[in-house]
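Participant: Take this structure, written in structure tokens, and hold onto it; I'll ask about it next.
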Amino acid sequence: MKKTYLMIFLMMMLVMAGAGCSSDETEKMEMKAQAGGKVELTVSAAVSLQDALNDIKESFEKENANVEVHYNFGASGALQQQISQGAPVDLFFSAAEDKFDKLVEEDLIEEKNGIDLVGNDLVLVVPKDSKKEIGSLEDLTKAAKISIGTPESVPAGQYAKQTLENMNLFKEIEDRLVYAKDVRQVLTYVETGNVDAGLVYKTDALNSSKVEIIAAAQGDLHDPIIYPVGMINNLDHAKEAKLFYDYLQTEASMKIFEKYGFKNLK
């Protein structure tokens with residue numbers, strides 16, 4: 001019996017020793033990979049920028065092989081709150097000035113390290129095969145369901161609410177509004193026919209073959225749609241972050257933004 005226990009004990013020691021060696025080797029390999037690996041940047045950006053930024057990432061990484069860009073797309077309000085709460089982010093690209101300014105006020109972004117880069121328009125869209133007689137914003141009273149982004153966290157929803165309020169339509173159609181987590185979800189609701197109409201950015205509408213743009217909201221009906229971008233303070237990779245920040249402002253990048261329907265504000 002004692003011999004059996006001794007054999008079991010020796011086997012356990014061998015397994016533990018092997019695991020220790022494996023763990024040590026893995027740790028050494030990871031450290032080696034990190035030493036010779038790429039610098040990884042995290043960019044939190046409004047979801048409406050997704051297509052343009054993915055194109056820019058591809059061209060940037062071709063020119064800067066030592067840097068890898070990772071995007072965190074979402075509603076600007078939600079992204080701003082994540083950064084305020086300490087999320088590890090290198091750059092913030094917002095679809096609204098107030099969300100960006102909040103981080104400036106909290107000393108998380110220096111004003112000199114930010115720029116108003118591009119602009120956008122708010123448009124009314126309906127499904128491509130819509131049978132509803134919606135030919136203008138005023139015709140939203142004929143819709144059974146209308147989708148906009150949640151105004152508290154989605155800038156496009158904030159602009160949509162401002163537009164509807166200034167047209168004295170909001171209270172009349174408020175009970176028919178379907179709120180979405182971001183502008184892409186609004187677009188999906190319209191594309192699938194789950195709603196009769198939606199208010200989205202022109203850039204999103206242009207990239208969908210399943211919706212029809214009916215009208216654009218006049219600029220004086222809502223706050224200016226401006227996209228500021230800036231670097232977060234106290235970065236681990238400040239040099240590489242500045243490299244990408246500057247690259248976003250190059251002529252090549254601005255042409256990509258314009259290709260997707262954004263306005264050049266430089």
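By convention in this document, the chains of the structure tokens carry letters A, B, ... by their order, each chain's residues are numbered from 1, and ligands are numbered from 1 in the order they are shown.
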Find the spatial neighbours of stretch 192-199 of chain A, counting only C-alpha atoms, within a cut-off of 7 Å - ignore same-chain residues fewer than 2 positions away - and output them as number ranges by chain.
Facilitator: A: 122-127, 143-148, 160, 186, 188-190
Participant: As a PyMOL selection string, please: all residues of stretch 132-223 of chain A that backbone DSSP puts in strand (DSSP E or B).
Facilitator: chain A and resi 146-149+177-180+197-201+211-216
Participant: Given the choices A:Val104, A:Met254, A:Val43, A:Val183, which gets closest to A:Val89 if the distance is worked out from only C-alpha atoms?
Facilitator: A:Val43
Participant: Considering only C-alpha atoms, state which residue in the set A:Ala252, A:Leu108, A:Ala75, A:Val118 is at the smallest distance from A:Leu235.
Facilitator: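 With only C-alpha atoms as the atom set, the closest residue is A:Leu108.
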Participant: Could you jot down the atom CA of A:Phe257 to atom CA of A:Asp51 separation for me, Å, one decimal place?
Facilitator: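 Atom-to-atom, atom CA of A:Phe257 to atom CA of A:Asp51, that is 9.1 Å.
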Participant: Which one is closest to A:Tyr245: A:Gly219, A:Gly230, A:Asn264, A:Gly74? Count only C-alpha atoms.
Facilitator: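 Among A:Gly219, A:Gly230, A:Asn264, A:Gly74, it is A:Gly230 that comes nearest to A:Tyr245.
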Participant: Using only C-alpha atoms, which of the listed residues (A:Phe60, A:Tyr201, A:Phe262, A:Phe92) sits closest to A:Tyr159?
Facilitator: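 The answer is A:Tyr201, which sits nearest to A:Tyr159.
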